[in-house]
>>> print(open('final-v6.csv').read())   # CSV, C-alpha atoms
chain,number,residue,atom,x,y,z
A,1,MET,CA,0.0,0.0,0.0
A,2,SER,CA,1.4,3.5,-0.9
A,3,ARG,CA,2.3,6.0,1.8
A,4,VAL,CA,-0.6,8.3,0.6
A,5,ALA,CA,-3.1,5.4,0.8
A,6,ARG,CA,-1.9,4.5,4.3
A,7,LYS,CA,-2.3,8.1,5.5
A,8,THR,CA,-5.7,8.6,3.9
A,9,ARG,CA,-7.3,5.4,5.2
A,10,HIS,CA,-7.2,6.8,8.7
A,11,ILE,CA,-9.1,9.9,7.6
A,12,PRO,CA,-12.9,9.7,8.2
A,13,ALA,CA,-14.8,9.3,4.9
A,14,HIS,CA,-17.0,12.3,5.6
A,15,LEU,CA,-13.9,14.5,5.8
A,16,LEU,CA,-12.5,13.2,2.5
A,17,ASN,CA,-16.0,13.6,0.8
A,18,GLY,CA,-16.3,17.1,2.3
A,19,PHE,CA,-12.9,18.1,0.9
A,20,ALA,CA,-13.8,16.8,-2.5
A,21,VAL,CA,-17.1,18.7,-2.5
A,22,LEU,CA,-15.3,21.9,-1.5
A,23,LEU,CA,-12.9,21.5,-4.4
A,24,LEU,CA,-15.7,20.9,-6.8
A,25,THR,CA,-17.6,23.9,-5.4
A,26,SER,CA,-14.6,26.1,-5.8
A,27,TRP,CA,-14.0,25.0,-9.4
A,28,GLY,CA,-17.7,25.6,-10.2
A,29,ALA,CA,-17.7,29.1,-8.7
A,30,LEU,CA,-14.6,30.0,-10.6
A,31,ALA,CA,-16.0,28.6,-13.9
A,32,LEU,CA,-19.2,30.6,-13.4
A,33,TRP,CA,-17.1,33.7,-12.6
A,34,PHE,CA,-14.9,33.6,-15.7
A,35,GLN,CA,-17.6,32.5,-18.1
A,36,SER,CA,-20.4,34.8,-17.2
A,37,SER,CA,-20.9,38.4,-18.3
A,38,GLN,CA,-18.8,40.7,-16.2
A,39,HIS,CA,-21.6,42.9,-14.9
A,40,SER,CA,-24.4,40.3,-14.9
A,41,VAL,CA,-26.6,40.0,-11.9
A,42,VAL,CA,-27.2,36.4,-13.0
A,43,ARG,CA,-23.5,35.6,-12.5
A,44,TRP,CA,-23.6,36.7,-8.9
A,45,VAL,CA,-26.9,34.8,-8.2
A,46,ALA,CA,-25.6,31.7,-9.9
A,47,ILE,CA,-22.3,31.8,-7.9
A,48,LEU,CA,-24.0,32.4,-4.6
A,49,VAL,CA,-26.6,29.7,-5.1
A,50,TRP,CA,-24.0,27.2,-6.2
A,51,SER,CA,-21.6,28.0,-3.4
A,52,ALA,CA,-24.4,27.9,-0.8
A,53,LEU,CA,-25.4,24.5,-2.1
A,54,GLY,CA,-21.8,23.2,-1.9
A,55,VAL,CA,-21.4,24.5,1.7
A,56,SER,CA,-24.7,22.9,2.6
A,57,VAL,CA,-23.5,19.5,1.4
A,58,VAL,CA,-20.2,19.9,3.4
A,59,LEU,CA,-22.2,20.7,6.5
A,60,SER,CA,-24.6,17.8,6.0
A,61,LEU,CA,-21.6,15.4,5.6
A,62,SER,CA,-20.4,16.6,9.0
A,63,GLY,CA,-23.6,15.4,10.6
A,64,LEU,CA,-25.1,18.8,11.2
A,65,PHE,CA,-28.3,17.9,9.3
A,66,GLY,CA,-30.6,14.9,9.7
A,67,ARG,CA,-30.4,12.0,7.3
A,68,LYS,CA,-33.5,13.0,5.2
A,69,ARG,CA,-32.2,16.6,4.7
A,70,ARG,CA,-28.7,15.2,4.0
A,71,ASN,CA,-30.1,13.0,1.2
A,72,ILE,CA,-32.1,15.8,-0.3
A,73,THR,CA,-29.2,18.2,-0.2
A,74,GLY,CA,-26.9,15.6,-1.8
A,75,PHE,CA,-29.4,14.8,-4.5
A,76,VAL,CA,-29.8,18.5,-5.4
A,77,PHE,CA,-26.0,19.0,-5.5
A,78,VAL,CA,-25.5,16.0,-7.8
A,79,LEU,CA,-28.2,17.4,-10.1
A,80,ALA,CA,-26.7,20.9,-10.0
A,81,THR,CA,-23.2,19.4,-10.7
A,82,ALA,CA,-24.6,17.5,-13.7
A,83,CYS,CA,-26.1,20.7,-15.1
A,84,LEU,CA,-22.9,22.6,-14.5
A,85,LEU,CA,-20.9,19.9,-16.4
A,86,LEU,CA,-23.3,19.9,-19.2
A,87,TRP,CA,-23.1,23.7,-19.5
A,88,TRP,CA,-19.3,23.4,-19.4
A,89,GLY,CA,-19.3,21.0,-22.2
A,90,THR,CA,-21.2,23.4,-24.4
A,91,LEU,CA,-18.5,26.1,-24.3
A,92,ARG,CA,-16.7,26.3,-27.6
A,93,PRO,CA,-13.8,28.4,-28.8
A,94,SER,CA,-14.5,30.9,-31.5
A,95,HIS,CA,-12.8,33.3,-34.0
A,96,GLN,CA,-15.9,35.6,-34.0
A,97,ARG,CA,-15.4,38.0,-31.1
A,98,ALA,CA,-14.5,41.7,-30.6
A,99,TRP,CA,-10.8,41.1,-30.4
A,100,ALA,CA,-8.2,43.5,-29.0
A,101,ASP,CA,-6.2,45.3,-31.8
A,102,ASP,CA,-2.9,43.4,-31.2
A,103,VAL,CA,-4.6,40.0,-31.7
A,104,ALA,CA,-7.3,41.0,-34.2
A,105,GLN,CA,-5.8,39.1,-37.1
A,106,LEU,CA,-5.0,35.5,-37.5
A,107,LEU,CA,-1.7,34.4,-39.1
A,108,GLU,CA,-2.0,32.8,-42.5
A,109,ALA,CA,0.8,30.7,-43.9
A,110,ARG,CA,1.3,29.3,-47.4
A,111,VAL,CA,4.3,27.3,-48.5
A,112,GLU,CA,5.2,27.2,-52.2
A,113,GLY,CA,8.4,25.2,-52.8
A,114,ASN,CA,11.1,26.9,-50.8
A,115,HIS,CA,9.2,30.1,-50.3
A,116,VAL,CA,6.8,30.9,-47.4
A,117,HIS,CA,4.2,33.5,-47.7
A,118,LEU,CA,2.9,34.9,-44.4
A,119,LYS,CA,-0.2,37.1,-44.2
A,120,ASN,CA,-0.9,39.2,-41.1
A,121,VAL,CA,2.6,39.6,-39.7
A,122,ARG,CA,2.3,42.1,-36.9
A,123,ASN,CA,4.6,45.2,-37.1
A,124,PHE,CA,3.0,47.7,-34.7
A,125,GLU,CA,4.7,50.9,-33.7
A,126,TRP,CA,4.3,51.0,-30.0
A,127,ARG,CA,4.7,54.3,-28.1
A,128,SER,CA,3.0,53.0,-25.0
A,129,GLU,CA,0.7,50.0,-24.2
A,130,THR,CA,-2.3,52.1,-25.2
A,131,ASP,CA,-0.7,54.4,-27.8
A,132,TYR,CA,0.3,52.5,-31.0
A,133,THR,CA,0.0,52.5,-34.7
A,134,PRO,CA,-1.5,49.2,-36.0
A,135,ARG,CA,0.3,47.6,-39.0
A,136,TRP,CA,-0.3,44.2,-40.4
A,137,GLU,CA,2.0,43.1,-43.2
A,138,SER,CA,2.4,40.3,-45.8
A,139,ARG,CA,5.9,38.9,-46.1
A,140,THR,CA,7.7,36.3,-48.1
A,141,TYR,CA,10.6,34.3,-46.8
A,142,ASP,CA,13.1,32.0,-48.6
A,143,LEU,CA,13.6,28.8,-46.6
A,144,ASP,CA,17.0,28.3,-48.2
A,145,ARG,CA,18.1,31.5,-46.5
A,146,LEU,CA,16.8,30.4,-43.0
A,147,ARG,CA,19.9,30.2,-40.8
A,148,ASN,CA,19.2,30.3,-37.1
A,149,ALA,CA,16.8,30.5,-34.2
A,150,ASP,CA,17.0,32.4,-30.9
A,151,LEU,CA,15.1,31.7,-27.7
A,152,VAL,CA,13.6,34.9,-26.1
A,153,LEU,CA,12.3,34.9,-22.5
A,154,SER,CA,10.4,38.0,-21.2
A,155,TYR,CA,9.9,38.1,-17.4
A,156,TRP,CA,6.7,39.8,-16.4
A,157,MET,CA,5.8,38.2,-13.1
A,158,GLY,CA,8.9,37.4,-11.0
A,159,PRO,CA,11.8,35.1,-11.7
A,160,HIS,CA,9.8,31.9,-12.2
A,161,ILE,CA,7.3,33.0,-14.9
A,162,ALA,CA,8.3,34.2,-18.4
A,163,HIS,CA,6.7,34.6,-21.8
A,164,THR,CA,8.5,32.4,-24.3
A,165,LEU,CA,9.2,33.4,-27.9
A,166,VAL,CA,11.3,32.0,-30.8
A,167,SER,CA,12.9,34.3,-33.3
A,168,PHE,CA,14.0,32.9,-36.7
A,169,GLY,CA,16.8,34.6,-38.6
A,170,PHE,CA,17.4,34.7,-42.4
A,171,ASP,CA,20.3,35.9,-44.5
A,172,GLY,CA,20.3,39.7,-44.9
A,173,SER,CA,19.2,40.3,-41.2
A,174,GLU,CA,15.6,39.4,-41.8
A,175,ARG,CA,13.8,38.0,-38.7
A,176,VAL,CA,10.4,36.9,-37.7
A,177,VAL,CA,9.2,36.0,-34.2
A,178,PHE,CA,6.6,33.5,-33.3
A,179,SER,CA,4.6,33.7,-30.0
A,180,LEU,CA,1.6,31.8,-28.8
A,181,GLU,CA,-0.6,34.2,-26.8
A,182,ILE,CA,-4.0,34.6,-25.4
A,183,ARG,CA,-6.5,36.1,-27.9
A,184,LYS,CA,-8.1,38.6,-25.6
A,185,GLU,CA,-11.2,40.6,-26.3
A,186,ARG,CA,-11.2,44.4,-26.1
A,187,TYR,CA,-12.4,44.5,-22.5
A,188,GLU,CA,-10.2,41.7,-21.3
A,189,SER,CA,-6.8,41.5,-19.6
A,190,PHE,CA,-4.6,38.5,-19.0
A,191,SER,CA,-5.6,36.3,-16.0
A,192,ALA,CA,-3.5,33.2,-15.2
A,193,VAL,CA,-6.5,31.8,-13.3
A,194,GLY,CA,-8.9,32.6,-16.1
A,195,GLY,CA,-6.6,30.6,-18.4
A,196,PHE,CA,-7.7,27.4,-16.5
A,197,PHE,CA,-11.4,28.2,-17.2
A,198,ARG,CA,-11.6,28.7,-21.0
A,199,GLN,CA,-11.6,32.5,-20.7
A,200,PHE,CA,-9.3,32.9,-23.7
A,201,GLU,CA,-8.7,31.5,-27.1
A,202,GLN,CA,-5.2,30.9,-28.5
A,203,VAL,CA,-3.5,32.9,-31.2
A,204,LEU,CA,-0.2,32.4,-32.8
A,205,VAL,CA,1.4,35.8,-33.5
A,206,ALA,CA,4.1,36.2,-36.1
A,207,ALA,CA,5.8,39.6,-35.6
A,208,ASP,CA,8.7,41.9,-36.3
A,209,GLU,CA,11.2,42.0,-33.4
A,210,ARG,CA,10.8,45.7,-33.1
A,211,ASP,CA,7.2,45.1,-32.4
A,212,ILE,CA,7.0,42.0,-30.2
A,213,VAL,CA,10.3,42.1,-28.4
A,214,ARG,CA,10.7,45.9,-28.1
A,215,THR,CA,7.2,46.3,-26.7
A,216,ARG,CA,8.3,44.0,-23.8
A,217,SER,CA,11.7,45.5,-23.1
A,218,ASN,CA,11.1,49.2,-23.8
A,219,VAL,CA,7.4,49.8,-23.4
A,220,ARG,CA,6.3,47.4,-20.6
A,221,GLY,CA,9.7,47.4,-18.8
A,222,GLU,CA,9.9,43.6,-18.6
A,223,ASP,CA,13.3,41.9,-18.3
A,224,VAL,CA,14.1,40.2,-21.6
A,225,TYR,CA,16.8,37.7,-22.3
A,226,LEU,CA,18.0,36.3,-25.6
A,227,TYR,CA,19.9,33.1,-26.3
A,228,ARG,CA,21.2,31.6,-29.5
A,229,LEU,CA,19.8,28.0,-29.9
A,230,GLN,CA,22.3,25.3,-31.0
A,231,MET,CA,20.3,23.6,-33.8
A,232,SER,CA,21.2,22.3,-37.2
A,233,GLN,CA,19.8,24.3,-40.1
A,234,ALA,CA,17.6,21.2,-40.9
A,235,ASN,CA,16.1,21.3,-37.4
A,236,VAL,CA,15.7,25.1,-37.5
A,237,ARG,CA,13.8,24.7,-40.8
A,238,ALA,CA,11.7,21.8,-39.3
A,239,LEU,CA,10.8,23.9,-36.3
A,240,PHE,CA,9.9,26.9,-38.4
A,241,LEU,CA,7.5,24.8,-40.6
A,242,GLU,CA,5.9,23.3,-37.5
A,243,TYR,CA,5.0,26.8,-36.3
A,244,LEU,CA,3.4,27.4,-39.7
A,245,SER,CA,1.4,24.2,-39.3
A,246,VAL,CA,0.1,25.3,-35.9
A,247,ALA,CA,-0.9,28.7,-37.4
A,248,ASN,CA,-2.9,27.1,-40.2
A,249,GLU,CA,-4.5,24.6,-37.7
A,250,LEU,CA,-5.5,27.4,-35.4
A,251,GLN,CA,-7.0,29.2,-38.4
A,252,ARG,CA,-9.1,26.2,-39.3
A,253,THR,CA,-10.0,25.2,-35.7
A,254,PRO,CA,-10.1,27.7,-32.8
A,255,ARG,CA,-8.7,26.4,-29.5
A,256,PHE,CA,-8.9,27.5,-25.9
A,257,TYR,CA,-5.7,28.7,-24.2
A,258,ASN,CA,-4.8,26.8,-21.0
A,259,THR,CA,-2.4,28.3,-18.5
A,260,LEU,CA,-1.0,24.8,-17.7
A,261,THR,CA,-1.2,22.6,-20.8
A,262,SER,CA,-1.2,24.9,-23.9
A,263,ASN,CA,0.7,28.1,-23.3
A,264,CYS,CA,3.7,29.9,-24.8
A,265,THR,CA,6.3,27.5,-23.3
A,266,THR,CA,4.5,24.2,-23.8
A,267,ILE,CA,4.0,24.8,-27.5
A,268,VAL,CA,7.8,25.4,-28.0
A,269,PHE,CA,8.4,22.1,-26.2
A,270,GLU,CA,5.8,20.2,-28.2
A,271,LEU,CA,7.1,21.5,-31.5
A,272,ALA,CA,10.7,20.8,-30.5
A,273,ARG,CA,9.7,17.3,-29.5
A,274,LEU,CA,8.5,16.7,-33.1
A,275,VAL,CA,12.0,17.5,-34.2
A,276,ALA,CA,13.7,15.7,-31.4
A,277,PRO,CA,11.3,13.1,-29.9
A,278,ALA,CA,13.5,12.1,-27.0
A,279,LEU,CA,13.2,15.5,-25.1
A,280,PRO,CA,12.3,14.7,-21.5
A,281,MET,CA,9.5,16.2,-19.4
A,282,ASP,CA,10.6,18.6,-16.7
A,283,TYR,CA,9.2,20.8,-14.0
A,284,ARG,CA,10.8,23.8,-15.8
A,285,LEU,CA,8.2,23.4,-18.6
A,286,LEU,CA,5.7,24.7,-16.0
A,287,LEU,CA,7.9,27.2,-14.4
A,288,SER,CA,8.6,28.9,-17.7
A,289,GLY,CA,11.1,31.4,-16.2
A,290,HIS,CA,13.6,28.4,-16.0
A,291,PHE,CA,13.0,27.2,-19.5
A,292,ALA,CA,16.3,28.5,-20.8
A,293,GLU,CA,18.1,26.6,-18.1
A,294,TYR,CA,16.3,23.5,-19.2
A,295,VAL,CA,17.4,24.0,-22.8
A,296,TYR,CA,21.0,24.7,-21.5
A,297,ASP,CA,21.0,21.3,-19.6
A,298,LEU,CA,20.0,19.6,-22.9
A,299,HIS,CA,23.0,21.3,-24.6
A,300,GLY,CA,20.7,23.4,-26.6
A,301,LEU,CA,22.4,26.8,-26.0
A,302,THR,CA,25.8,28.1,-26.9
A,303,PRO,CA,28.5,25.7,-25.6
A,304,GLY,CA,31.6,26.8,-23.6
A,305,HIS,CA,29.8,29.1,-21.3
A,306,ARG,CA,28.2,28.7,-17.9
A,307,TYR,CA,24.5,29.3,-17.8
A,308,ALA,CA,24.9,32.3,-15.5
A,309,GLU,CA,27.1,33.9,-18.1
A,310,LEU,CA,24.7,33.2,-21.0
A,311,GLN,CA,21.9,34.7,-18.9
A,312,ALA,CA,23.9,37.8,-18.0
A,313,ARG,CA,25.1,38.5,-21.5
A,314,GLY,CA,21.7,37.7,-23.0
A,315,HIS,CA,19.9,40.4,-21.0
A,316,ILE,CA,19.0,42.8,-23.8
A,317,ASN,CA,17.2,45.7,-22.0
A,318,GLU,CA,20.0,48.2,-21.9
A,319,ARG,CA,20.9,47.6,-25.5
A,320,ALA,CA,17.2,47.7,-26.5
A,321,LEU,CA,16.6,51.0,-24.8
A,322,GLY,CA,19.7,52.4,-26.4
A,323,SER,CA,18.5,51.5,-29.8
A,324,ASP,CA,15.6,54.0,-29.4
A,325,TRP,CA,18.1,56.9,-29.4
A,326,SER,CA,20.3,55.8,-32.2
A,327,TRP,CA,20.2,54.8,-35.8
A,328,ASP,CA,21.2,51.2,-35.0
A,329,ASP,CA,19.0,48.4,-36.2
A,330,PHE,CA,17.1,47.0,-33.2
A,331,SER,CA,17.7,43.3,-34.0
A,332,MET,CA,21.4,43.9,-34.4
A,333,SER,CA,21.7,46.0,-31.2
A,334,ILE,CA,20.1,43.5,-28.9
A,335,ARG,CA,22.4,40.7,-30.1
A,336,ARG,CA,25.7,42.5,-29.4
A,337,GLY,CA,27.7,40.5,-26.9
A,338,VAL,CA,25.3,37.5,-26.9
A,339,PRO,CA,27.4,34.3,-27.0
A,340,GLY,CA,27.2,32.3,-30.1
A,341,ILE,CA,26.1,35.1,-32.4
A,342,PRO,CA,28.7,35.9,-35.2
A,343,ILE,CA,30.0,39.4,-35.6
A,344,ASN,CA,28.4,39.9,-39.0
A,345,GLU,CA,24.9,39.5,-37.4
A,346,VAL,CA,25.5,42.5,-35.1
A,347,TYR,CA,27.5,44.9,-37.3
A,348,PRO,CA,26.4,45.8,-40.8
>>> encode(input="final-v6.csv", output="structure tokens")
Amino acid sequence: MSRVARKTRHIPAHLLNGFAVLLLTSWGALALWFQSSQHSVVRWVAILVWSALGVSVVLSLSGLFGRKRRNITGFVFVLATACLLLWWGTLRPSHQRAWADDVAQLLEARVEGNHVHLKNVRNFEWRSETDYTPRWESRTYDLDRLRNADLVLSYWMGPHIAHTLVSFGFDGSERVVFSLEIRKERYESFSAVGGFFRQFEQVLVAADERDIVRTRSNVRGEDVYLYRLQMSQANVRALFLEYLSVANELQRTPRFYNTLTSNCTTIVFELARLVAPALPMDYRLLLSGHFAEYVYDLHGLTPGHRYAELQARGHINERALGSDWSWDDFSMSIRRGVPGIPINEVYP
């Protein structure tokens, strides 16, 4: 018998059942909160009724009520749970919502031989988070000129959580960045908890570095780190094409974003695993702020350097801010001093 089983067998059944009901009650209340209209009286009534019913069941399990009342309360709770689960099953992701400007367009990708045509590449000019000039572009890339990929981590909530992006480089200093993000509506803002309760759809953004990286380092003030990935050109190409496959699949079939199972870091891992199936699972896939260290331990970053050195030299914020006041190219500026990046990539 396992240690957990030995411990739990001495806990009275009504306590275990009560704890399970409390968890279910909490889940249901949060589901109703995140899926109901923000200012709806119905939302508050539904949450209060559901919560009161769950608490009543817990109290009845403790012996506070008589057997008859306990049975009635339990029956009503089971019926309410069935209705809640049926309602939950009707929730479907959609492309038809009033989207925020920065996720208003879906990426479209078309491969013709060695050329890739991307529609709706984002290249906004950001002056602040609310002051920007929208710009969606169509671009064509030659796969024969695809040379490298960089891992970018942007820390927005302490040292353990980061947004993960991958930037692909072509001959001639062309770059395009892919980022899986929440597709928020105009009135919404990101919620890690809401991401567990189907509050957001997914969107794969392809963007210019001056848009998607600069807005994090220069506009939002997040700490941004850049690392050169050690991959063969064949694997870089395979990873790039997998991103395009995800973009086209999302265009055909909308999906919900999930904070735990389908976020900006897990998609990188899933795509990389298609290229290298032996990649191991690791807790750092959940604590995304440590994802670069995970890649380092798999020998996926520039060799010959300690991780602490790669992290220190990969911190781009000072160089990114400096590029706002010079004529330097943003992508070249942020790569100066980053281990593994050749001199011809950072000086014209």
>>> closest_residue(input="final-v6.csv", among="A:Ala278, A:Leu32, A:Val177, A:Ile161", to="Arg210 (chain A)", atoms="all atoms listed in the file")
A:Val177
>>> atom_distance(input="final-v6.csv", atom1="CA of Arg313 (chain A)", atom2="CA of Ser217 (chain A)")
15.2 Å
>>> closest_residue(input="final-v6.csv", among="A:Arg255, A:Arg92, A:His299, A:Arg335", to="Arg183 (chain A)", atoms="only C-alpha atoms")
A:Arg255
>>> atom_distance(input="final-v6.csv", atom1="CA of Leu106 (chain A)", atom2="CA of Gln251 (chain A)")
6.7 Å
>>> closest_residue(input="final-v6.csv", among="A:Pro134, A:Pro254, A:Pro280, A:Gly172", to="Asp211 (chain A)", atoms="only C-alpha atoms")
A:Pro134
>>> closest_residue(input="final-v6.csv", among="A:Ile72, A:Met332, A:Val116, A:Asp171", to="Ser245 (chain A)", atoms="all atoms listed in the file")
A:Val116
>>> residues_around(input="final-v6.csv", residues="Ser56 (chain A)", least_positions_apart="6", cutoff="12 Å", atoms="all atoms listed in the file", output="PDB file with C-alpha atoms, in the frame of the given file")
ATOM      1  CA  GLY A  18     -16.300  17.100   2.300  1.00  0.00           C
ATOM      2  CA  VAL A  21     -17.100  18.700  -2.500  1.00  0.00           C
ATOM      3  CA  LEU A  22     -15.300  21.900  -1.500  1.00  0.00           C
ATOM      4  CA  THR A  25     -17.600  23.900  -5.400  1.00  0.00           C
ATOM      5  CA  LEU A  48     -24.000  32.400  -4.600  1.00  0.00           C
ATOM      6  CA  VAL A  49     -26.600  29.700  -5.100  1.00  0.00           C
ATOM      7  CA  TRP A  50     -24.000  27.200  -6.200  1.00  0.00           C
ATOM      8  CA  SER A  62     -20.400  16.600   9.000  1.00  0.00           C
ATOM      9  CA  GLY A  63     -23.600  15.400  10.600  1.00  0.00           C
ATOM     10  CA  LEU A  64     -25.100  18.800  11.200  1.00  0.00           C
ATOM     11  CA  PHE A  65     -28.300  17.900   9.300  1.00  0.00           C
ATOM     12  CA  ARG A  69     -32.200  16.600   4.700  1.00  0.00           C
ATOM     13  CA  ARG A  70     -28.700  15.200   4.000  1.00  0.00           C
ATOM     14  CA  ASN A  71     -30.100  13.000   1.200  1.00  0.00           C
ATOM     15  CA  ILE A  72     -32.100  15.800  -0.300  1.00  0.00           C
ATOM     16  CA  THR A  73     -29.200  18.200  -0.200  1.00  0.00           C
ATOM     17  CA  GLY A  74     -26.900  15.600  -1.800  1.00  0.00           C
ATOM     18  CA  PHE A  75     -29.400  14.800  -4.500  1.00  0.00           C
ATOM     19  CA  VAL A  76     -29.800  18.500  -5.400  1.00  0.00           C
ATOM     20  CA  PHE A  77     -26.000  19.000  -5.500  1.00  0.00           C
TER      21      PHE A  77
END
>>> closest_residue(input="final-v6.csv", among="A:Leu153, A:Arg214, A:Glu112, A:Leu91", to="Ser128 (chain A)", atoms="all atoms listed in the file")
A:Arg214
>>> closest_residue(input="final-v6.csv", among="A:Val41, A:Met157, A:Ala238, A:Ala149", to="Arg220 (chain A)", atoms="all atoms listed in the file")
A:Met157
>>> closest_atom_pairs(input="final-v6.csv", of="region 113-209 of chain A", to="region 288-295 of chain A", cutoff="8 Å", atoms="only C-alpha atoms", output="tab-separated table")
residue	atom	partner	partner_atom	distance
A:Leu151	CA	A:Ala292	CA	7.7
A:Leu153	CA	A:Gly289	CA	7.3
A:Tyr155	CA	A:Gly289	CA	6.9
A:Pro159	CA	A:Gly289	CA	5.9
A:His160	CA	A:Gly289	CA	4.2
A:Ile161	CA	A:Gly289	CA	4.3
A:Ala162	CA	A:Gly289	CA	4.5
A:His163	CA	A:Ser288	CA	7.3
A:Thr164	CA	A:Ser288	CA	7.5
>>> residues_around(input="final-v6.csv", residues="Thr265 (chain A)", least_positions_apart="2", cutoff="7 Å", atoms="only C-alpha atoms", output="VMD selection string")
chain A and resid 164 263 267 to 269 285 288
>>> atom_distance(input="final-v6.csv", atom1="CA of Gly314 (chain A)", atom2="CA of Glu125 (chain A)")
24.0 Å
>>> residues_near_point(input="final-v6.csv", point="(-10.7, 29.5, -20.1)", cutoff="8 Å", atoms="all atoms listed in the file", output="list in words")
Phe34, Gln35, Gly194, Gly195, Phe196, Phe197, Arg198, Gln199, Phe200, Glu201, Phe256, Tyr257 and Asn258 of chain A
>>> residues_around(input="final-v6.csv", residues="region 165-170 of chain A", least_positions_apart="4", cutoff="9 Å", atoms="all atoms listed in the file", output="JSON, numbers by chain")
{"A": [141, 142, 143, 144, 145, 146, 147, 148, 149, 150, 151, 152, 153, 154, 174, 175, 176, 177, 178, 179, 180, 209, 213, 236, 240, 264, 265, 268]}
>>> residues_around(input="final-v6.csv", residues="Val121 (chain A)", least_positions_apart="6", cutoff="6 Å", atoms="all atoms listed in the file", output="list in words")
Trp136, Glu137, Ala206 and Ala207 of chain A
>>> decode(input="final-v6.csv", residues="region 150-155 of chain A", atoms="all heavy atoms", output="short mmCIF file (atom, residue, chain, number, x, y, z; two decimals), in the first residue's frame")
data_model
loop_
_atom_site.label_atom_id
_atom_site.label_comp_id
_atom_site.auth_asym_id
_atom_site.auth_seq_id
_atom_site.Cartn_x
_atom_site.Cartn_y
_atom_site.Cartn_z
N ASP A 150 16.62 31.91 -32.26
CA ASP A 150 16.96 32.40 -30.93
C ASP A 150 15.78 32.22 -29.98
O ASP A 150 14.62 32.42 -30.38
CB ASP A 150 17.33 33.89 -30.97
CG ASP A 150 18.62 34.15 -31.72
OD1 ASP A 150 19.47 33.24 -31.78
OD2 ASP A 150 18.78 35.26 -32.27
N LEU A 151 16.08 31.86 -28.76
CA LEU A 151 15.07 31.75 -27.71
C LEU A 151 15.02 33.07 -26.95
O LEU A 151 16.06 33.60 -26.55
CB LEU A 151 15.45 30.61 -26.75
CG LEU A 151 14.54 30.41 -25.54
CD1 LEU A 151 13.15 29.94 -25.96
CD2 LEU A 151 15.18 29.40 -24.56
N VAL A 152 13.83 33.61 -26.78
CA VAL A 152 13.64 34.87 -26.08
C VAL A 152 12.69 34.63 -24.90
O VAL A 152 11.60 34.08 -25.08
CB VAL A 152 13.05 35.96 -27.00
CG1 VAL A 152 12.87 37.27 -26.25
CG2 VAL A 152 13.94 36.16 -28.22
N LEU A 153 13.12 35.03 -23.71
CA LEU A 153 12.28 34.93 -22.52
C LEU A 153 12.05 36.33 -21.96
O LEU A 153 12.99 37.09 -21.75
CB LEU A 153 12.94 34.06 -21.45
CG LEU A 153 13.11 32.57 -21.78
CD1 LEU A 153 13.69 31.84 -20.58
CD2 LEU A 153 11.81 31.94 -22.18
N SER A 154 10.78 36.66 -21.71
CA SER A 154 10.41 37.97 -21.18
C SER A 154 9.73 37.77 -19.84
O SER A 154 8.65 37.14 -19.76
CB SER A 154 9.48 38.69 -22.16
OG SER A 154 9.18 39.98 -21.70
N TYR A 155 10.35 38.29 -18.77
CA TYR A 155 9.87 38.06 -17.41
C TYR A 155 8.93 39.19 -17.00
O TYR A 155 9.32 40.35 -16.91
CB TYR A 155 11.06 37.98 -16.45
CG TYR A 155 11.90 36.75 -16.66
CD1 TYR A 155 12.80 36.67 -17.72
CD2 TYR A 155 11.77 35.65 -15.84
CE1 TYR A 155 13.56 35.53 -17.94
CE2 TYR A 155 12.53 34.50 -16.04
CZ TYR A 155 13.42 34.45 -17.09
OH TYR A 155 14.17 33.32 -17.31
#
